[in-house]
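**Q** Sharing target17.cif here; it has mmCIF, C-alpha atoms.
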data_input
#
loop_
_atom_site.label_atom_id
_atom_site.label_comp_id
_atom_site.auth_asym_id
_atom_site.auth_seq_id
_atom_site.Cartn_x
_atom_site.Cartn_y
_atom_site.Cartn_z
CA MET A 170 -32.04 -13.68 -1.94
CA ILE A 171 -28.87 -12.92 -3.94
CA THR A 172 -25.78 -14.99 -3.18
CA LEU A 173 -22.21 -15.21 -4.42
CA LYS A 174 -23.06 -17.51 -7.30
CA ASP A 175 -25.55 -14.98 -8.68
CA ILE A 176 -23.08 -12.15 -9.40
CA LYS A 177 -20.16 -11.62 -11.79
CA ARG A 178 -16.60 -10.61 -10.84
CA GLU A 179 -17.12 -7.04 -12.06
CA GLN A 180 -20.07 -6.68 -9.65
CA TRP A 181 -18.10 -7.56 -6.54
CA ASP A 182 -17.69 -3.98 -5.35
CA LEU A 183 -21.44 -3.38 -5.60
CA TYR A 184 -22.38 -6.04 -3.07
CA VAL A 185 -21.40 -7.16 0.41
CA GLY A 186 -22.19 -10.21 2.53
CA LEU A 187 -24.66 -9.62 5.34
CA LEU A 188 -23.71 -11.00 8.79
CA THR A 189 -25.62 -11.54 12.00
CA VAL A 190 -23.95 -10.18 15.14
CA GLU A 191 -23.07 -13.74 16.17
CA GLN A 192 -21.49 -14.44 12.78
CA LYS A 193 -19.58 -11.14 12.99
CA ASP A 194 -18.21 -12.08 16.40
CA SER A 195 -17.08 -15.47 15.14
CA LEU A 196 -15.05 -13.91 12.30
CA LEU A 197 -13.04 -11.49 14.44
CA ILE A 198 -9.26 -12.10 14.26
CA GLN A 199 -9.78 -15.10 11.99
CA LEU A 200 -8.04 -15.84 8.68
CA TYR A 201 -10.02 -16.39 5.50
CA ALA A 202 -6.86 -17.14 3.49
CA PRO A 203 -3.12 -17.21 4.28
CA ASP A 204 -2.07 -13.86 5.78
CA SER A 205 -5.55 -12.39 5.18
CA TYR A 206 -7.96 -11.71 8.03
CA PHE A 207 -11.70 -11.14 7.94
CA ASN A 208 -12.63 -7.52 8.58
CA PRO A 209 -16.34 -7.16 9.44
CA ILE A 210 -17.51 -3.54 9.31
CA GLN A 211 -20.83 -1.73 9.56
CA ASP A 212 -22.53 -0.13 6.57
CA LEU A 213 -24.63 3.03 6.44
CA ASN A 214 -27.53 1.21 8.10
CA ASP A 215 -25.30 -0.36 10.76
CA ASN A 216 -25.56 -3.82 9.20
CA TRP A 217 -22.49 -5.97 9.83
CA ILE A 218 -20.95 -6.86 6.49
CA ILE A 219 -17.89 -8.41 4.83
CA SER A 220 -16.66 -7.95 1.28
CA VAL A 221 -17.34 -10.32 -1.59
CA GLU A 222 -13.55 -10.87 -1.87
CA GLU A 223 -13.51 -12.36 1.63
CA MET A 224 -16.39 -14.65 0.72
CA ALA A 225 -15.06 -15.74 -2.66
CA ASN A 226 -11.44 -16.18 -1.54
CA CYS A 227 -12.16 -17.92 1.77
CA VAL A 228 -10.24 -21.20 2.01
CA ASN A 229 -10.54 -21.60 5.78
CA GLU A 230 -12.79 -24.67 6.16
CA GLU A 231 -14.04 -23.43 9.55
CA PHE A 232 -15.62 -20.39 7.90
CA ILE A 233 -16.48 -21.73 4.47
CA TRP A 234 -20.13 -20.89 5.27
CA VAL A 235 -19.40 -17.26 4.39
CA LYS A 236 -19.69 -18.27 0.72
CA ASP A 237 -23.44 -18.77 1.31
CA LEU A 238 -24.11 -15.40 2.99
CA PRO A 239 -26.92 -13.30 1.53
CA LEU A 240 -25.66 -10.36 -0.50
CA ILE A 241 -26.95 -6.81 -0.10
CA ILE A 242 -26.11 -3.62 -1.98
CA TYR A 243 -23.07 -1.91 -0.41
CA GLU A 244 -23.93 1.44 1.19
CA PRO A 245 -20.83 2.94 2.88
CA LYS A 246 -20.88 5.22 5.87
CA PRO A 247 -20.13 8.90 5.16
CA SER A 248 -16.51 9.98 4.82
CA PRO A 249 -14.75 11.11 8.02
CA PRO A 250 -13.41 14.67 8.62
CA PRO A 251 -9.99 14.57 6.84
CA PHE A 252 -11.73 13.92 3.54
CA ASN A 253 -14.18 16.80 3.75
CA MET B 774 55.01 -10.85 -25.64
CA ILE B 775 51.73 -11.63 -24.04
CA ILE B 776 49.45 -13.75 -26.12
CA GLY B 777 45.91 -14.45 -25.09
CA LYS B 778 42.39 -13.37 -25.50
CA ALA B 779 40.42 -10.99 -23.39
CA ILE B 780 38.22 -12.58 -20.78
CA SER B 781 34.64 -11.44 -20.99
CA PRO B 782 33.25 -10.12 -17.72
CA PHE B 783 30.24 -12.27 -18.47
CA ALA B 784 32.47 -15.33 -18.54
CA ILE B 785 33.89 -14.38 -15.17
CA LYS B 786 30.40 -13.97 -13.85
CA ARG B 787 29.40 -17.39 -15.13
CA ARG B 788 32.48 -19.07 -13.65
CA ASN B 789 31.75 -17.49 -10.31
CA GLY B 790 28.14 -18.57 -10.44
CA GLY B 791 26.79 -15.06 -10.98
CA ALA B 792 27.27 -11.90 -8.98
CA ALA B 793 26.05 -12.10 -5.43
CA ASN B 794 22.96 -10.11 -4.52
CA ASP B 795 23.10 -7.23 -2.10
CA ALA B 796 22.73 -8.74 1.40
CA ASP B 797 19.62 -6.69 2.22
CA ALA B 798 18.02 -7.64 -1.09
CA GLN B 799 18.87 -11.30 -0.53
CA ALA B 800 17.23 -11.27 2.90
CA PHE B 801 14.01 -10.00 1.32
CA ILE B 802 14.23 -12.46 -1.57
CA THR B 803 14.61 -15.34 0.85
CA ALA B 804 11.78 -14.20 3.13
CA SER B 805 9.30 -13.52 0.33
CA GLY B 806 10.24 -16.60 -1.68
CA ILE B 807 10.57 -14.73 -4.96
CA SER B 808 12.97 -15.68 -7.77
CA GLY B 809 13.91 -14.88 -11.37
CA THR B 810 13.06 -11.43 -12.71
CA GLU B 811 11.41 -10.38 -9.46
CA ALA B 812 14.52 -11.23 -7.45
CA THR B 813 16.77 -9.44 -9.94
CA ALA B 814 14.51 -6.38 -9.86
CA VAL B 815 14.53 -6.28 -6.06
CA ASN B 816 18.32 -6.47 -6.00
CA THR B 817 18.58 -3.58 -8.48
CA LEU B 818 16.03 -1.64 -6.45
CA VAL B 819 18.09 -1.96 -3.26
CA VAL B 820 21.33 -1.09 -5.04
CA ASN B 821 19.71 2.00 -6.59
CA LEU B 822 18.16 3.14 -3.29
CA LYS B 823 21.55 2.87 -1.61
CA SER B 824 23.33 4.59 -4.48
CA ALA B 825 20.89 7.51 -4.27
CA ASN B 826 21.45 7.73 -0.48
CA ILE B 827 17.74 7.12 0.08
CA TRP B 828 17.97 3.68 1.66
CA THR B 829 18.99 5.01 5.09
CA LYS B 830 16.01 7.38 5.08
CA MET B 831 13.54 4.52 4.80
CA LYS B 832 11.70 2.83 7.66
CA ALA B 833 9.48 0.68 5.48
CA VAL B 834 9.49 -0.18 1.78
CA TYR B 835 6.81 -2.46 0.34
CA PRO B 836 7.77 -3.61 -3.21
CA MET B 837 4.71 -5.89 -3.47
CA VAL B 838 6.22 -8.67 -5.53
CA GLY B 839 5.41 -12.38 -5.61
CA GLY B 840 1.69 -12.11 -6.24
CA SER B 841 0.35 -13.26 -2.85
CA ALA B 842 -0.45 -11.85 0.56
CA THR B 843 2.39 -13.93 1.98
CA SER B 844 5.00 -12.38 -0.35
CA HIS B 845 3.48 -8.88 -0.34
CA LYS B 846 3.56 -8.51 3.44
CA PHE B 847 7.32 -8.10 3.88
CA ASN B 848 9.16 -4.84 4.52
CA LEU B 849 12.24 -4.63 2.30
CA LEU B 850 14.14 -2.82 5.08
CA ASN B 851 13.59 -5.59 7.61
CA PRO B 852 11.95 -8.69 6.09
CA VAL B 853 11.02 -10.31 9.38
CA ASP B 854 7.51 -11.63 10.06
CA SER B 855 6.78 -9.41 13.06
CA ASN B 856 4.91 -6.23 13.89
CA GLY B 857 8.15 -4.63 15.06
CA ALA B 858 9.60 -5.13 11.57
CA TYR B 859 6.59 -3.28 10.09
CA ARG B 860 5.42 -6.40 8.29
CA LEU B 861 1.96 -5.81 6.84
CA VAL B 862 -1.13 -7.52 8.23
CA PHE B 863 -3.93 -7.66 5.67
CA ALA B 864 -7.63 -7.64 6.52
CA GLY B 865 -10.80 -7.42 4.49
CA GLY B 866 -11.23 -7.57 0.75
CA LEU B 867 -7.99 -7.16 -1.20
CA THR B 868 -6.84 -8.89 -4.38
CA HIS B 869 -3.17 -9.91 -4.60
CA SER B 870 -1.55 -10.48 -8.00
CA SER B 871 1.71 -9.98 -9.89
CA SER B 872 0.53 -6.40 -10.51
CA GLY B 873 0.48 -5.65 -6.77
CA ILE B 874 -2.56 -5.21 -4.55
CA LEU B 875 -6.01 -4.12 -5.71
CA GLY B 876 -8.19 -2.53 -3.06
CA GLY B 877 -11.71 -3.88 -2.86
CA GLY B 878 -13.25 -0.55 -1.91
CA VAL B 879 -15.30 -2.01 0.94
CA ASN B 880 -13.10 -2.99 3.91
CA GLY B 881 -9.66 -3.94 2.57
CA ILE B 882 -6.82 -2.60 4.70
CA ALA B 883 -3.22 -3.33 5.75
CA ASP B 884 -1.69 -2.33 9.08
CA THR B 885 1.98 -1.29 8.88
CA PHE B 886 2.35 -1.14 12.69
CA LEU B 887 4.39 2.01 12.07
CA ASN B 888 3.14 4.92 14.17
CA PRO B 889 4.60 8.22 12.92
CA THR B 890 4.38 9.82 16.36
CA ILE B 891 6.57 7.05 17.80
CA ASP B 892 8.66 5.66 14.93
CA LEU B 893 9.31 8.90 13.04
CA THR B 894 9.99 12.49 13.93
CA GLN B 895 6.92 14.52 13.04
CA PHE B 896 8.99 17.11 11.20
CA ASP B 897 11.25 14.57 9.49
CA CYS B 898 8.94 12.15 7.70
CA HIS B 899 7.60 11.06 4.34
CA VAL B 900 5.18 8.60 2.75
CA SER B 901 4.80 7.55 -0.88
CA ALA B 902 2.48 5.38 -2.95
CA ASN B 903 2.63 4.06 -6.51
CA ILE B 904 -0.84 3.64 -8.03
CA TYR B 905 -1.37 1.42 -11.07
CA THR B 906 -5.07 2.06 -11.78
CA ASN B 907 -7.16 5.14 -12.48
CA THR B 908 -10.56 3.87 -11.45
CA PHE B 909 -12.28 6.13 -8.93
CA SER B 910 -15.82 5.47 -7.81
CA GLY B 911 -17.89 6.40 -4.80
CA THR B 912 -16.41 8.50 -2.01
CA SER B 913 -12.87 9.34 -0.86
CA LYS B 914 -10.15 6.68 -1.05
CA VAL B 915 -7.20 6.34 1.31
CA HIS B 916 -3.84 5.45 -0.24
CA LEU B 917 -2.17 5.40 3.18
CA PHE B 918 -3.16 7.26 6.34
CA SER B 919 -2.06 7.26 9.95
CA ASP B 920 -5.72 7.39 11.06
CA ASN B 921 -9.05 8.93 10.14
CA SER B 922 -9.01 11.69 12.73
CA SER B 923 -8.69 15.32 11.73
CA THR B 924 -4.88 15.14 12.02
CA PRO B 925 -3.62 12.24 9.89
CA MET B 926 -0.39 11.81 7.97
CA GLY B 927 -0.85 10.40 4.51
CA LEU B 928 -2.08 10.46 0.94
CA ALA B 929 -5.63 10.06 -0.36
CA ALA B 930 -7.86 10.59 -3.36
CA ILE B 931 -10.66 12.95 -2.37
CA SER B 932 -12.70 12.68 -5.54
CA SER B 933 -12.32 11.73 -9.19
CA THR B 934 -10.54 15.08 -9.71
CA LEU B 935 -8.64 15.65 -6.45
CA GLU B 936 -5.65 13.97 -4.80
CA ARG B 937 -4.50 15.15 -1.37
CA SER B 938 -1.44 15.30 0.88
CA SER B 939 -2.19 15.46 4.59
CA MET B 940 0.30 16.41 7.31
CA GLY B 941 -1.50 16.78 10.62
CA SER B 942 -4.32 19.30 10.46
CA SER B 943 -2.99 20.85 7.23
CA THR B 944 -3.63 19.49 3.76
CA LEU B 945 -2.92 20.35 0.14
CA SER B 946 -5.03 19.09 -2.75
CA ALA B 947 -3.93 18.61 -6.34
CA THR B 948 -6.26 18.62 -9.31
CA VAL B 949 -6.19 15.50 -11.45
CA THR B 950 -8.35 14.07 -14.19
CA ALA B 951 -10.05 10.70 -14.23
CA SER B 952 -7.00 9.34 -16.06
CA THR B 953 -4.19 10.86 -13.97
CA HIS B 954 -4.55 9.26 -10.55
CA ARG B 955 -2.12 6.61 -11.73
CA GLY B 956 1.57 7.10 -10.93
CA PHE B 957 3.94 7.85 -8.08
CA TRP B 958 2.83 10.21 -5.30
CA ALA B 959 4.91 11.28 -2.30
CA THR B 960 4.70 13.80 0.50
CA SER B 961 7.44 14.77 2.92
CA ARG B 962 7.71 17.14 5.87
CA SER B 963 11.13 18.47 6.81
CA SER B 964 10.10 21.30 9.15
CA SER B 965 7.17 23.04 10.80
CA GLY B 966 8.11 26.28 9.02
CA THR B 967 6.84 27.90 5.87
CA ASN B 968 6.64 25.44 2.97
CA GLY B 969 8.10 22.69 5.14
CA VAL B 970 6.08 20.07 3.27
CA ASN B 971 6.71 18.98 -0.30
CA TYR B 972 4.04 17.13 -2.28
CA LEU B 973 5.28 15.29 -5.36
CA LEU B 974 2.47 14.76 -7.86
CA ALA B 975 2.34 11.89 -10.32
CA ASN B 976 3.14 14.29 -13.16
CA GLY B 977 6.48 15.18 -11.53
CA THR B 978 5.42 18.58 -10.19
CA ILE B 979 6.39 19.38 -6.59
CA ASN B 980 4.02 21.64 -4.66
CA LYS B 981 4.82 23.11 -1.23
CA TYR B 982 2.76 23.99 1.81
CA THR B 983 3.07 24.75 5.50
CA ALA B 984 2.00 22.26 8.17
CA ALA B 985 2.94 22.91 11.77
CA GLY B 986 0.52 20.60 13.58
CA ASN B 987 1.32 17.20 15.01
CA PHE B 988 -0.29 13.91 14.01
CA ALA B 989 -2.68 11.92 16.15
CA SER B 990 -1.01 8.78 17.48
CA ALA B 991 -2.03 5.84 15.28
CA ASN B 992 -0.46 3.26 12.99
CA ILE B 993 -0.23 4.06 9.30
CA LYS B 994 -2.67 1.87 7.37
CA LEU B 995 -2.65 1.16 3.63
CA PHE B 996 -5.84 1.19 1.51
CA GLY B 997 -8.18 2.43 4.24
CA SER B 998 -8.76 4.31 7.45
CA VAL B 999 -8.71 2.99 10.98
CA THR B 1000 -12.38 2.74 11.74
CA GLY B 1001 -15.71 2.86 9.99
CA ALA B 1002 -16.81 1.97 6.51
CA ALA B 1003 -15.33 4.99 4.77
CA GLY B 1004 -12.25 5.75 2.74
CA TYR B 1005 -11.47 2.19 1.68
CA SER B 1006 -9.66 2.27 -1.63
CA ASN B 1007 -10.43 0.48 -4.87
CA PHE B 1008 -7.22 1.65 -6.56
CA GLY B 1009 -4.42 -0.77 -7.41
CA TYR B 1010 -1.03 -0.27 -5.73
CA SER B 1011 2.44 -1.57 -6.56
CA PHE B 1012 4.76 0.23 -4.12
CA PHE B 1013 4.73 2.12 -0.82
CA THR B 1014 7.43 3.75 1.28
CA ILE B 1015 7.47 5.34 4.73
CA GLY B 1016 10.48 7.04 6.26
CA ASN B 1017 12.37 10.21 7.09
CA ALA B 1018 11.93 13.43 5.13
CA LEU B 1019 13.06 13.48 1.51
CA THR B 1020 14.38 16.55 -0.28
CA ASP B 1021 12.81 17.51 -3.59
CA ALA B 1022 15.73 15.87 -5.40
CA GLU B 1023 15.41 12.70 -3.33
CA SER B 1024 11.66 12.52 -3.96
CA LEU B 1025 12.27 12.75 -7.70
CA ALA B 1026 15.08 10.20 -7.51
CA LEU B 1027 12.77 7.81 -5.67
CA LYS B 1028 10.10 8.33 -8.34
CA THR B 1029 12.62 7.35 -11.03
CA ILE B 1030 13.88 4.31 -9.09
CA VAL B 1031 10.32 3.08 -8.50
CA ALA B 1032 9.41 3.62 -12.17
CA ASN B 1033 12.45 1.63 -13.28
CA PHE B 1034 11.55 -1.15 -10.84
CA GLN B 1035 8.02 -1.37 -12.24
CA THR B 1036 9.32 -1.35 -15.81
CA THR B 1037 11.65 -4.24 -15.06
CA LEU B 1038 8.68 -6.18 -13.70
CA GLY B 1039 6.54 -5.29 -16.70
CA ARG B 1040 3.93 -3.54 -14.60
CA LEU B 1041 2.75 0.01 -13.85
#
Would you write out, as structure tokens, the structure that this file holds?
**A**
Amino acid sequence: MITLKDIKREQWDLYVGLLTVEQKDSLLIQLYAPDSYFNPIQDLNDNWIISVEEMANCVNEEFIWVKDLPLIIYEPKPSPPPFN
Amino acid sequence: MIIGKAISPFAIKRRNGGAANDADAQAFITASGISGTEATAVNTLVVNLKSANIWTKMKAVYPMVGGSATSHKFNLLNPVDSNGAYRLVFAGGLTHSSSGILGGGVNGIADTFLNPTIDLTQFDCHVSANIYTNTFSGTSKVHLFSDNSSTPMGLAAISSTLERSSMGSSTLSATVTASTHRGFWATSRSSSGTNGVNYLLANGTINKYTAAGNFASANIKLFGSVTGAAGYSNFGYSFFTIGNALTDAESLALKTIVANFQTTLGRL
């Protein structure tokens, strides 16, 4: 399992943190840093994920566990109509 | 005979404790907690926007100074910490620094709470974005968009070689290279008629197109679309505006004012 401590800063946009549905629900409308909210989204395979920035920059003690989430390769959903 | 020496205007300024800032600039400076060069630059920015008669056309201006989410969130036009003042709310992966805000490209987004169908007239509106990076990877990237339906208002990078203005169901793309995404981009709609939209490219060219359709009702978001894991930007941004329509001359004047502001701050 890959975690935050295994990757370099320049690899942050390649990976995302994998959430369970329960973890996703607990992060909704919650701050990970001052004026910065978590934003769980679904990837191409409908996994719930957050970005490495949210994990690395989290200073909210209640959610500090996000730093230990398993990392997976980021696979975005296809672009919506206005981009086609 | 009058004997004496001339009084330097700088001496007067020192005795008076320095010239007072513009009141609107000072309100932003106080709210965002900035000082020094950043405060001076913001004051000059406001003075220049007013001098160019652009200030009154703005609904939201995001100068992105101070280096943190807390200082970057304020709208220069109304630096109050409320949705009604179009203060930004950040979510997802974004990196705040003295350069501005770097999109994470995964889920980073900011809600302006400004809905163009409510807060603007659909045929009297503009948006602009100043980009400080050139890096494009993956799929399309939103600079700012009112939603991700088929009828958004906004600016986006479609690929490594295409930037796009979108006004409702009509769009216009501009060809760029991998090294020319960076710079100031703006699009403005002043009418539903022929060539009622101007699209100012980063190279200073203004292209025109016709867009008669309305926008879907949704808040304008920065760095990403409303729903789904698509369109999230990994560009860096140092300035955004949203407001009433700008003429070609006003768009170019805004480009110059924003460039001067960035130069004063030592950033792109």
**Q** Between A:Trp217, A:Tyr206, A:Ile241, A:Lys236, which is the closest to chain B once you count only C-alpha atoms?
**A** A:Tyr206
**Q** For chain B, which residue out of A:Leu173, A:Val228, A:Pro239, A:Asp215 is the nearest one, using only C-alpha atoms?
**A** A:Asp215
**Q** Quick one: of B:Leu973, B:Gly966, B:Glu811, B:Gly911, who's nearest to Ser938 (chain B), counting all atoms listed in the file?
**A**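 Nearest to Ser938 (chain B): B:Leu973.
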**Q** Could you tell me which residues of chain B sit within 8 Å of chain A when counting only C-alpha atoms, and give me the result as number ranges by chain?
**A** B: 842-843, 862-868, 877-881, 912-913, 921-925, 931, 1001-1004
**Q** Just the selected residues (C-alpha atoms), exported as a short mmCIF file (atom, residue, chain, number, x, y, z; two decimals), keeping the file's coordinate frame, please.
**A**
data_model
loop_
_atom_site.label_atom_id
_atom_site.label_comp_id
_atom_site.auth_asym_id
_atom_site.auth_seq_id
_atom_site.Cartn_x
_atom_site.Cartn_y
_atom_site.Cartn_z
CA ALA B 842 -0.45 -11.85 0.56
CA THR B 843 2.39 -13.93 1.98
CA VAL B 862 -1.13 -7.52 8.23
CA PHE B 863 -3.93 -7.66 5.67
CA ALA B 864 -7.63 -7.64 6.52
CA GLY B 865 -10.80 -7.42 4.49
CA GLY B 866 -11.23 -7.57 0.75
CA LEU B 867 -7.99 -7.16 -1.20
CA THR B 868 -6.84 -8.89 -4.38
CA GLY B 877 -11.71 -3.88 -2.86
CA GLY B 878 -13.25 -0.55 -1.91
CA VAL B 879 -15.30 -2.01 0.94
CA ASN B 880 -13.10 -2.99 3.91
CA GLY B 881 -9.66 -3.94 2.57
CA THR B 912 -16.41 8.50 -2.01
CA SER B 913 -12.87 9.34 -0.86
CA ASN B 921 -9.05 8.93 10.14
CA SER B 922 -9.01 11.69 12.73
CA SER B 923 -8.69 15.32 11.73
CA THR B 924 -4.88 15.14 12.02
CA PRO B 925 -3.62 12.24 9.89
CA ILE B 931 -10.66 12.95 -2.37
CA GLY B 1001 -15.71 2.86 9.99
CA ALA B 1002 -16.81 1.97 6.51
CA ALA B 1003 -15.33 4.99 4.77
CA GLY B 1004 -12.25 5.75 2.74
#
**Q** Since I can't run it myself right now, could you work out what the PyMOL selection byres ((chain B and resi 1007-1023) around 8) selects here and report it as a PyMOL selection string?
**A** chain B and resi 825+827+830-837+872-879+893-894+896-910+914+961-963+971+979+996+1005-1006+1024-1027+1031+1035+1041
**Q** Pick from A:Leu197, A:Leu188, A:Gln180, A:Asn214: nearest to Val235 (chain A), with only C-alpha atoms counted?
**A**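 That would be A:Leu188, the residue with the smallest distance to Val235 (chain A).
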**Q** Measure the distance from CA of Gly997 (chain B) to CA of Thr960 (chain B) in Å and round it to one decimal.
**A**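 Calculated distance between CA of Gly997 (chain B) and CA of Thr960 (chain B) is 17.6 Å.
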**Q** Could you work out an axis-aligned box for region 830-834 of chain B, taking every atom the file lists and adding 3 Å on each side, and report centre and edge lengths in Å to one decimal, as JSON?
**A**
{"center_x": 12.7, "center_y": 3.6, "center_z": 4.7, "size_x": 12.5, "size_y": 13.6, "size_z": 11.9}
**Q** Residues within 8 Å of Leu974 (chain B), please, as a VMD selection string. Count all atoms listed in the file; anything in the same chain fewer than 6 positions from it doesn't count.
**A** chain B and resid 947 957 to 959 980
**Q** Show which residues sit within 8 Å of Asn992 (chain B), as number ranges by chain. Count only C-alpha atoms, and ignore same-chain residues fewer than 4 positions away.
**A** B: 884-889, 919-920
**Q** Okay, now the selection with C-alpha atoms, as a PDB file, keeping the file's coordinate frame?
**A**
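Output below, filename again05.pdb:
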ATOM      1  CA  ASP B 884      -1.690  -2.330   9.080  1.00  0.00           C
ATOM      2  CA  THR B 885       1.980  -1.290   8.880  1.00  0.00           C
ATOM      3  CA  PHE B 886       2.350  -1.140  12.690  1.00  0.00           C
ATOM      4  CA  LEU B 887       4.390   2.010  12.070  1.00  0.00           C
ATOM      5  CA  ASN B 888       3.140   4.920  14.170  1.00  0.00           C
ATOM      6  CA  PRO B 889       4.600   8.220  12.920  1.00  0.00           C
ATOM      7  CA  SER B 919      -2.060   7.260   9.950  1.00  0.00           C
ATOM      8  CA  ASP B 920      -5.720   7.390  11.060  1.00  0.00           C
TER       9      ASP B 920
END
**Q** Could you tell me how far CA of Met940 (chain B) lies from CA of Ala975 (chain B), in Å and to one decimal?
**A**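 Computing the Euclidean distance for CA of Met940 (chain B) and CA of Ala975 (chain B) yields 18.3 Å.
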**Q** Compare B:Asn816, B:Ser808, B:Ser933, B:Asn851 by their minimum atom-to-atom distance to Asp795 (chain B), counting only C-alpha atoms, and give me the closest one.
**A**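 For Asp795 (chain B), the nearest of the candidates is B:Asn816.
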**Q** How many Å separate CA of Leu240 (chain A) from CA of Ile171 (chain A)?
**A** 5.4 Å
**Q** Once the PyMOL selection byres ((chain B and resi 800) around 12) has been applied to the shown file, what residues remain in the selection, as number ranges by chain?
**A** B: 794-799, 801-807, 812, 815-816, 819, 847-853
